[in-house]
Amino acid sequence: MINKLYLCFICLFILINLSVNAQKTTKVYLDDLKISVFSEGIAGVNQKTSASGDSIKIGGVSYNKGVGLQSISVLYFYMKGNAKQFSAFVGADDKANKDATYKFYVVGDKKILFETGEMKVGDVAKKIQVNIEGVQRLGLLITTNDENLRRTFFDIADACFEMMNDQLPLAIPNSYQKYVLTPVVGNSPKINTAKVFGAKPGNPFLFTVVTTGERPMKFISKNLPEGLILNDTNGIISGKIEQRGNYKVVLTAKNKFGQASKELQIKIGDTIALTPPIGWNGWNSWAREIDRDKVILSANAMVAKGLNNHGWTYINIDDAWQGFRDKENKAIQPNEKFPDFKKMIDYIHSLGLKLGVYSTPWISSYAGYIGGSSNFENGDYPDSIKNNKRAFRYVGKYRFETNDANQFAAWGVDFLKYDWRIDLLSAQRMSDALKKSGRDIVYSLSNSAPFSNVNDWGRISNMYRTGPDIRDSWLSLYYSGFGIDKWGPYGGPGHWNDPDMMILGNVTTGASLHPTRLSADEQYSHVSLFSLLSAPLLIGCPIEQLDDFTLNLLSNDEVIEIDQDPLGKSARLIKEESDVQIWMKPMEDGSYAIGLFNMDGYGKTPQSFFNWGDEPAKSFTLNLSNIGLNGKWKLRDVWRQKNLGEFSNVFDTSIRHHGVILLRLFPVK
């Protein structure tokens, strides 16, 4: 009997211990995680400091732990039911915009678990303790009423998860199915060159006939202007045209499978970039790690992957190439990572591609490299500045725009990204210097150009950033792309609204190199929207790492044709119904390009800021007469490159969550 009681006691003791161990919890603080992995906000997230970079302070109380964000912000966690509680003190940072109001939400598995209501600077932090037992997906959301998102700093202090069984929060998996829509390119020649190209009289001319089809291929031209030469094996046109005017050239490409011809209008005058620039920028691939080998690798991959045959032309080096200012010409020279700079550019030109560089009118660039001005007459950039680069983000006493522009032209640079907190005087000075440099250099202003000066940006530059740095999230795309409708009327040939680089493939936005967090449907929407907007198309991923899905996204010539249409009109948001946005763009040939985007009420509720992984497609009826398209129209599915038939009233379709139906509508006479 005693032995039985003893055994029962032992069993009970084991069960109790198992139960206790099963419920063991550990505290996991937000600022101890690699928090950028979980951030889908417009701006980044700071650990242990506010978004301003200062200490966290809410309502006069300082905190040593926590994260600082800038609204609108989203933190999204895959908890897998392994958490018991979330606790924190939340509120507007004391250095935030005092005129704005803020709201904070905790959302778990589509339910609002906690909300603060409106908060302002100076309010006492709100203490929260939220039961999140069993929650699979947990989101933290900060919103604001400030449309400009200026200094909208919000803090989540002493933020902590109580986790079970030594588990950690995980990033939300991007498990959405990738699907390919664009048909395979044929062997016969197809010329995909834009219909128009602009250059200035007397400047070096460089243009490649963009053509798909099996090589070898022979290129022929008719009515090529005097001063230009066509290389008949690679389609590169080079030389100079001295006389102003419009020249209509017929280009022909031949291979063993057939031939194709297309008319190109060459306009020699004061305007370049008659269609939006299209190519690659290195920042979202390599950031400060960029070097000569990576640039050449990217150029070679552009050709090896065949993107150049679809119009992708520019290989742009971002911040981190700059080294020092030479004593003789007082022009920026490359650093040790970029030996033989001119030789590198010549090689890229030999591939039929173009080369871009980065600079700033500030003393120090964002990444801490020499800029376009100095407080020293000889342009020195001493260690005292290098070691305190943030303090020198301003225009110095001595400026070197002319020196740098002339050096860029001498090297053969084709594109300049000019990056700082834009002011009109600095932008104008570099514009003037580039125009006098003797070379056609596309001039790109970055970042967040004030809308109040939109006419000035169009007058002095070829493209100008309409917002902050984009990140690989639907939230960022929503505000950078879908949110710039007001800029639409101001872009056009020679001056393009620029919503920033494309967030496709593997990117480094906010974290180390990782696959974009956009779903496949969101990526189709991304490319469709930028093409409808006539936006510059600059991919930011390592080209050599492109998978078949991303390569297919970038190789649809009918989508690119919408972006490169010579009329240069931006699509406008003309209607939103049943949570579907209708964007329409007039085309030069009298047709229209229309994007039907399933927004699924994005931004209207706290839950809508998160992808829950089970959202259904939406049935939608497009009423043509309601958008001003009377009569009969031939509809074509642009992504599938498939004719859908003739319609005179309504068109019924189904649109996936955050997906798009991209149409081309041709009038039937």
# chains A, B, ... in the order shown; residues from 1 in each chain; ligands from 1

$ residues_around --residues "range 75-82 of chain A" --least-positions-apart "4" --cutoff "7 Å" --atoms "only C-alpha atoms" --output "MDAnalysis selection string"
chainID A and resid 38:40 133:141 163:164 167 169:172

$ write_last_selection --atoms "C-alpha atoms" --output "short mmCIF file (atom, residue, chain, number, x, y, z; two decimals), in the first residue's frame"
data_model
loop_
_atom_site.label_atom_id
_atom_site.label_comp_id
_atom_site.auth_asym_id
_atom_site.auth_seq_id
_atom_site.Cartn_x
_atom_site.Cartn_y
_atom_site.Cartn_z
CA PHE A 38 9.54 42.82 -38.54
CA SER A 39 9.11 46.42 -39.73
CA GLU A 40 6.89 47.19 -42.71
CA GLU A 133 -2.36 33.55 -25.85
CA GLY A 134 -2.99 31.43 -28.92
CA VAL A 135 -2.42 34.33 -31.35
CA GLN A 136 -0.79 33.26 -34.61
CA ARG A 137 -0.19 36.62 -36.30
CA LEU A 138 0.27 39.77 -34.25
CA GLY A 139 0.50 43.31 -35.57
CA LEU A 140 1.46 46.61 -33.95
CA LEU A 141 0.18 49.65 -35.83
CA MET A 163 7.08 33.86 -24.72
CA MET A 164 6.54 30.19 -23.86
CA GLN A 167 10.39 30.49 -28.39
CA PRO A 169 8.71 35.80 -32.51
CA LEU A 170 9.31 35.04 -36.19
CA ALA A 171 8.99 37.16 -39.30
CA ILE A 172 5.80 36.64 -41.28
#

$ select_by_dssp --residues "range 224-442 of chain A" --states "strand (DSSP E)" --output "ChimeraX atom specification"
/A:228-230,236-239,245-255,258-268,278-281,314-316,322-325,332-334,354-359,373-374,398-399,415-419,442

$ atom_distance --atom1 "CA of Lys120 in chain A" --atom2 "CA of Ala92 in chain A"
6.0 Å

$ residues_around --residues "Asn97 in chain A" --least-positions-apart "5" --cutoff "10 Å" --atoms "only C-alpha atoms" --output "PyMOL selection string"
chain A and resi 92+120-121+146+149-154

$ write_last_selection --atoms "N, CA and C atoms" --output "mmCIF file, in the first residue's frame"
data_model
loop_
_atom_site.group_PDB
_atom_site.id
_atom_site.type_symbol
_atom_site.label_atom_id
_atom_site.label_comp_id
_atom_site.auth_asym_id
_atom_site.auth_seq_id
_atom_site.Cartn_x
_atom_site.Cartn_y
_atom_site.Cartn_z
ATOM 1 N N ALA A 92 3.433 59.369 -28.079
ATOM 2 C CA ALA A 92 4.185 60.233 -28.982
ATOM 3 C C ALA A 92 5.476 60.668 -28.311
ATOM 4 N N LYS A 120 -1.251 62.800 -28.162
ATOM 5 C CA LYS A 120 -0.484 63.935 -28.662
ATOM 6 C C LYS A 120 0.829 64.035 -27.884
ATOM 7 N N VAL A 121 1.724 64.855 -28.409
ATOM 8 C CA VAL A 121 2.982 65.111 -27.716
ATOM 9 C C VAL A 121 2.682 65.717 -26.344
ATOM 10 N N ASP A 146 -1.361 63.342 -39.681
ATOM 11 C CA ASP A 146 -0.480 64.252 -40.413
ATOM 12 C C ASP A 146 -0.172 63.662 -41.792
ATOM 13 N N LEU A 149 3.569 63.438 -42.834
ATOM 14 C CA LEU A 149 4.415 62.492 -42.089
ATOM 15 C C LEU A 149 5.743 63.134 -41.676
ATOM 16 N N ARG A 150 5.685 64.394 -41.268
ATOM 17 C CA ARG A 150 6.891 65.105 -40.849
ATOM 18 C C ARG A 150 7.050 65.006 -39.334
ATOM 19 N N ARG A 151 8.156 64.418 -38.889
ATOM 20 C CA ARG A 151 8.495 64.276 -37.470
ATOM 21 C C ARG A 151 7.362 63.615 -36.679
ATOM 22 N N THR A 152 6.749 62.624 -37.273
ATOM 23 C CA THR A 152 5.664 61.901 -36.597
ATOM 24 C C THR A 152 6.274 60.751 -35.786
ATOM 25 N N PHE A 153 7.006 61.109 -34.739
ATOM 26 C CA PHE A 153 7.767 60.144 -33.947
ATOM 27 C C PHE A 153 6.887 59.539 -32.856
ATOM 28 N N PHE A 154 6.947 58.227 -32.748
ATOM 29 C CA PHE A 154 6.151 57.496 -31.758
ATOM 30 C C PHE A 154 7.036 56.426 -31.141
#

$ closest_atom_pairs --of "range 490-540 of chain A" --to "range 179-187 of chain A" --cutoff "10 Å" --atoms "only C-alpha atoms" --output "tab-separated table"
residue	atom	partner	partner_atom	distance
A:Ala520	CA	A:Tyr179	CA	7.2
A:Asp521	CA	A:Tyr179	CA	8.9
A:Tyr524	CA	A:Leu181	CA	9.6

$ closest_atom_pairs --of "range 143-205 of chain A" --to "range 104-109 of chain A" --cutoff "12 Å" --atoms "only C-alpha atoms" --output "tab-separated table"
residue	atom	partner	partner_atom	distance
A:Thr143	CA	A:Phe104	CA	6.7
A:Thr144	CA	A:Phe104	CA	9.2
A:Phe154	CA	A:Phe104	CA	9.1
A:Asp155	CA	A:Phe104	CA	10.0
A:Ile156	CA	A:Phe104	CA	9.4

$ write_last_selection --atoms "C-alpha atoms" --output "PDB file, in the first residue's frame"
ATOM      1  CA  THR A 143      -1.245  55.894 -37.427  1.00  0.00           C
ATOM      2  CA  THR A 144      -1.313  59.666 -37.588  1.00  0.00           C
ATOM      3  CA  PHE A 154       6.151  57.496 -31.758  1.00  0.00           C
ATOM      4  CA  ASP A 155       7.744  55.275 -29.120  1.00  0.00           C
ATOM      5  CA  ILE A 156       6.992  51.781 -27.838  1.00  0.00           C
TER       6      ILE A 156
END

$ residues_around --residues "range 241-256 of chain A" --least-positions-apart "2" --cutoff "8 Å" --atoms "only C-alpha atoms" --output "ChimeraX atom specification"
/A:188-191,200-203,205,209,211,213-228,239,258-269

$ atom_distance --atom1 "CA of Gly505 in chain A" --atom2 "CA of Pro616 in chain A"
24.8 Å

$ closest_residue --among "A:Asn174, A:Ser512, A:Asn309, A:Asn403" --to "Ser36 in chain A" --atoms "only C-alpha atoms"
A:Ser512

$ closest_atom_pairs --of "range 438-557 of chain A" --to "range 349-364 of chain A" --cutoff "10 Å" --atoms "only C-alpha atoms" --output "JSON lines"
{"residue": "A:Ile441", "atom": "CA", "partner": "A:Gly356", "partner_atom": "CA", "distance": 8.5}
{"residue": "A:Val442", "atom": "CA", "partner": "A:Gly356", "partner_atom": "CA", "distance": 8.5}
{"residue": "A:Tyr443", "atom": "CA", "partner": "A:Gly356", "partner_atom": "CA", "distance": 9.7}
{"residue": "A:Ser444", "atom": "CA", "partner": "A:Tyr358", "partner_atom": "CA", "distance": 9.4}
{"residue": "A:Leu445", "atom": "CA", "partner": "A:Thr360", "partner_atom": "CA", "distance": 9.6}
{"residue": "A:Ser446", "atom": "CA", "partner": "A:Thr360", "partner_atom": "CA", "distance": 9.2}

$ write_last_selection --atoms "N, CA and C atoms" --output "mmCIF file, in the first residue's frame"
data_model
loop_
_atom_site.group_PDB
_atom_site.id
_atom_site.type_symbol
_atom_site.label_atom_id
_atom_site.label_comp_id
_atom_site.auth_asym_id
_atom_site.auth_seq_id
_atom_site.Cartn_x
_atom_site.Cartn_y
_atom_site.Cartn_z
ATOM 1 N N ILE A 441 23.335 64.096 -69.702
ATOM 2 C CA ILE A 441 23.342 63.391 -68.424
ATOM 3 C C ILE A 441 21.967 63.546 -67.785
ATOM 4 N N VAL A 442 21.251 62.441 -67.647
ATOM 5 C CA VAL A 442 19.938 62.474 -67.003
ATOM 6 C C VAL A 442 20.125 62.934 -65.562
ATOM 7 N N TYR A 443 19.311 63.900 -65.157
ATOM 8 C CA TYR A 443 19.465 64.552 -63.853
ATOM 9 C C TYR A 443 18.302 64.169 -62.955
ATOM 10 N N SER A 444 18.623 63.433 -61.880
ATOM 11 C CA SER A 444 17.605 62.886 -60.973
ATOM 12 C C SER A 444 17.744 63.529 -59.602
ATOM 13 N N LEU A 445 16.668 64.159 -59.110
ATOM 14 C CA LEU A 445 16.661 64.787 -57.797
ATOM 15 C C LEU A 445 16.094 63.834 -56.757
ATOM 16 N N SER A 446 16.809 63.725 -55.635
ATOM 17 C CA SER A 446 16.391 62.828 -54.562
ATOM 18 C C SER A 446 16.753 63.497 -53.239
#

$ closest_residue --among "A:Ile539, A:Val638, A:Ile345, A:Leu573" --to "Phe482 in chain A" --atoms "only C-alpha atoms"
A:Leu573

$ atom_distance --atom1 "CA of Pro450 in chain A" --atom2 "CA of Asn284 in chain A"
23.7 Å

$ residues_around --residues "Ser528 in chain A" --least-positions-apart "3" --cutoff "7 Å" --atoms "only C-alpha atoms" --output "ChimeraX atom specification"
/A:524-525,531-532,559,662

$ write_last_selection --atoms "C-alpha atoms" --output "short mmCIF file (atom, residue, chain, number, x, y, z; two decimals), in the first residue's frame"
data_model
loop_
_atom_site.label_atom_id
_atom_site.label_comp_id
_atom_site.auth_asym_id
_atom_site.auth_seq_id
_atom_site.Cartn_x
_atom_site.Cartn_y
_atom_site.Cartn_z
CA TYR A 524 2.29 42.47 -60.29
CA SER A 525 0.47 45.52 -58.93
CA SER A 531 4.21 51.63 -65.71
CA LEU A 532 0.82 53.34 -65.62
CA VAL A 559 3.82 46.42 -69.83
CA LEU A 662 -3.92 45.39 -66.41
#

$ residues_around --residues "Ile574 in chain A" --least-positions-apart "3" --cutoff "12 Å" --atoms "only C-alpha atoms" --output "PyMOL selection string"
chain A and resi 485-486+488+570-571+577+580-585+594-596+626-628

$ write_last_selection --atoms "C-alpha atoms" --output "JSON list (two decimals), in the first residue's frame"
[["chain", "number", "residue", "atom", "x", "y", "z"],
["A", 485, "ASP", "CA", -1.98, 60.99, -57.84],
["A", 486, "LYS", "CA", -1.65, 64.75, -57.24],
["A", 488, "GLY", "CA", 0.27, 63.14, -62.13],
["A", 570, "SER", "CA", 0.58, 59.60, -66.13],
["A", 571, "ALA", "CA", -2.41, 57.45, -65.23],
["A", 577, "GLU", "CA", -15.71, 51.33, -56.13],
["A", 580, "VAL", "CA", -11.18, 48.49, -56.38],
["A", 581, "GLN", "CA", -9.16, 51.44, -57.65],
["A", 582, "ILE", "CA", -9.41, 52.23, -61.38],
["A", 583, "TRP", "CA", -6.35, 53.96, -62.84],
["A", 584, "MET", "CA", -6.51, 55.09, -66.48],
["A", 585, "LYS", "CA", -3.73, 56.32, -68.77],
["A", 594, "ILE", "CA", -6.27, 50.69, -67.35],
["A", 595, "GLY", "CA", -5.28, 49.10, -64.07],
["A", 596, "LEU", "CA", -7.92, 47.54, -61.81],
["A", 626, "ASN", "CA", -19.02, 55.11, -66.19],
["A", 627, "ILE", "CA", -15.37, 55.95, -66.87],
["A", 628, "GLY", "CA", -16.13, 57.86, -70.06]]

$ closest_residue --among "A:Asn630, A:Ile296, A:Pro204, A:Gly306" --to "Ser437 in chain A" --atoms "only C-alpha atoms"
A:Pro204

$ decode --residues "range 500-573 of chain A" --atoms "C-alpha atoms" --output "CSV table (one decimal), in the first residue's frame"
chain,number,residue,atom,x,y,z
A,500,ASP,CA,11.7,55.7,-56.0
A,501,MET,CA,13.4,52.4,-56.9
A,502,MET,CA,11.4,49.2,-57.5
A,503,ILE,CA,11.1,46.7,-54.6
A,504,LEU,CA,11.4,43.4,-56.5
A,505,GLY,CA,13.8,40.5,-56.1
A,506,ASN,CA,16.3,40.4,-53.2
A,507,VAL,CA,16.6,43.8,-51.5
A,508,THR,CA,18.3,45.4,-48.6
A,509,THR,CA,15.6,48.0,-47.6
A,510,GLY,CA,15.7,48.2,-43.9
A,511,ALA,CA,17.5,44.9,-43.4
A,512,SER,CA,20.2,42.6,-44.8
A,513,LEU,CA,19.6,41.2,-48.3
A,514,HIS,CA,16.3,39.3,-48.3
A,515,PRO,CA,13.5,38.4,-50.8
A,516,THR,CA,11.0,41.2,-51.1
A,517,ARG,CA,8.1,41.0,-48.7
A,518,LEU,CA,5.6,41.8,-51.3
A,519,SER,CA,3.4,38.9,-52.3
A,520,ALA,CA,3.3,37.8,-56.0
A,521,ASP,CA,0.1,39.7,-56.5
A,522,GLU,CA,1.5,42.8,-54.9
A,523,GLN,CA,4.5,42.6,-57.2
A,524,TYR,CA,2.3,42.5,-60.3
A,525,SER,CA,0.5,45.5,-58.9
A,526,HIS,CA,3.8,47.2,-58.3
A,527,VAL,CA,5.1,46.9,-61.9
A,528,SER,CA,1.7,47.7,-63.3
A,529,LEU,CA,1.3,50.9,-61.3
A,530,PHE,CA,4.7,52.2,-62.0
A,531,SER,CA,4.2,51.6,-65.7
A,532,LEU,CA,0.8,53.3,-65.6
A,533,LEU,CA,2.4,56.3,-63.8
A,534,SER,CA,5.1,56.7,-66.5
A,535,ALA,CA,7.6,56.4,-63.6
A,536,PRO,CA,11.3,55.7,-64.1
A,537,LEU,CA,11.8,52.0,-63.7
A,538,LEU,CA,14.9,51.3,-61.6
A,539,ILE,CA,15.2,47.9,-60.1
A,540,GLY,CA,17.3,47.7,-56.9
A,541,CYS,CA,18.0,43.9,-56.7
A,542,PRO,CA,21.2,42.1,-57.6
A,543,ILE,CA,20.5,41.3,-61.2
A,544,GLU,CA,22.5,38.1,-61.2
A,545,GLN,CA,20.2,36.7,-58.4
A,546,LEU,CA,17.0,37.2,-60.3
A,547,ASP,CA,14.7,34.1,-60.2
A,548,ASP,CA,12.4,33.2,-63.1
A,549,PHE,CA,9.4,34.8,-61.5
A,550,THR,CA,11.1,38.2,-61.1
A,551,LEU,CA,12.7,38.0,-64.5
A,552,ASN,CA,9.3,37.4,-66.0
A,553,LEU,CA,7.9,40.4,-64.2
A,554,LEU,CA,10.6,42.6,-65.8
A,555,SER,CA,10.4,41.1,-69.3
A,556,ASN,CA,6.9,41.9,-70.4
A,557,ASP,CA,7.3,44.3,-73.4
A,558,GLU,CA,3.7,45.3,-73.5
A,559,VAL,CA,3.8,46.4,-69.8
A,560,ILE,CA,7.1,48.3,-70.5
A,561,GLU,CA,5.5,49.9,-73.6
A,562,ILE,CA,2.8,51.5,-71.4
A,563,ASP,CA,5.6,53.1,-69.3
A,564,GLN,CA,7.6,54.1,-72.4
A,565,ASP,CA,4.6,55.6,-74.3
A,566,PRO,CA,5.8,58.8,-76.1
A,567,LEU,CA,2.7,60.7,-75.0
A,568,GLY,CA,4.1,60.5,-71.5
A,569,LYS,CA,0.9,61.0,-69.6
A,570,SER,CA,0.6,59.6,-66.1
A,571,ALA,CA,-2.4,57.4,-65.2
A,572,ARG,CA,-4.9,59.1,-62.9
A,573,LEU,CA,-7.1,57.5,-60.2
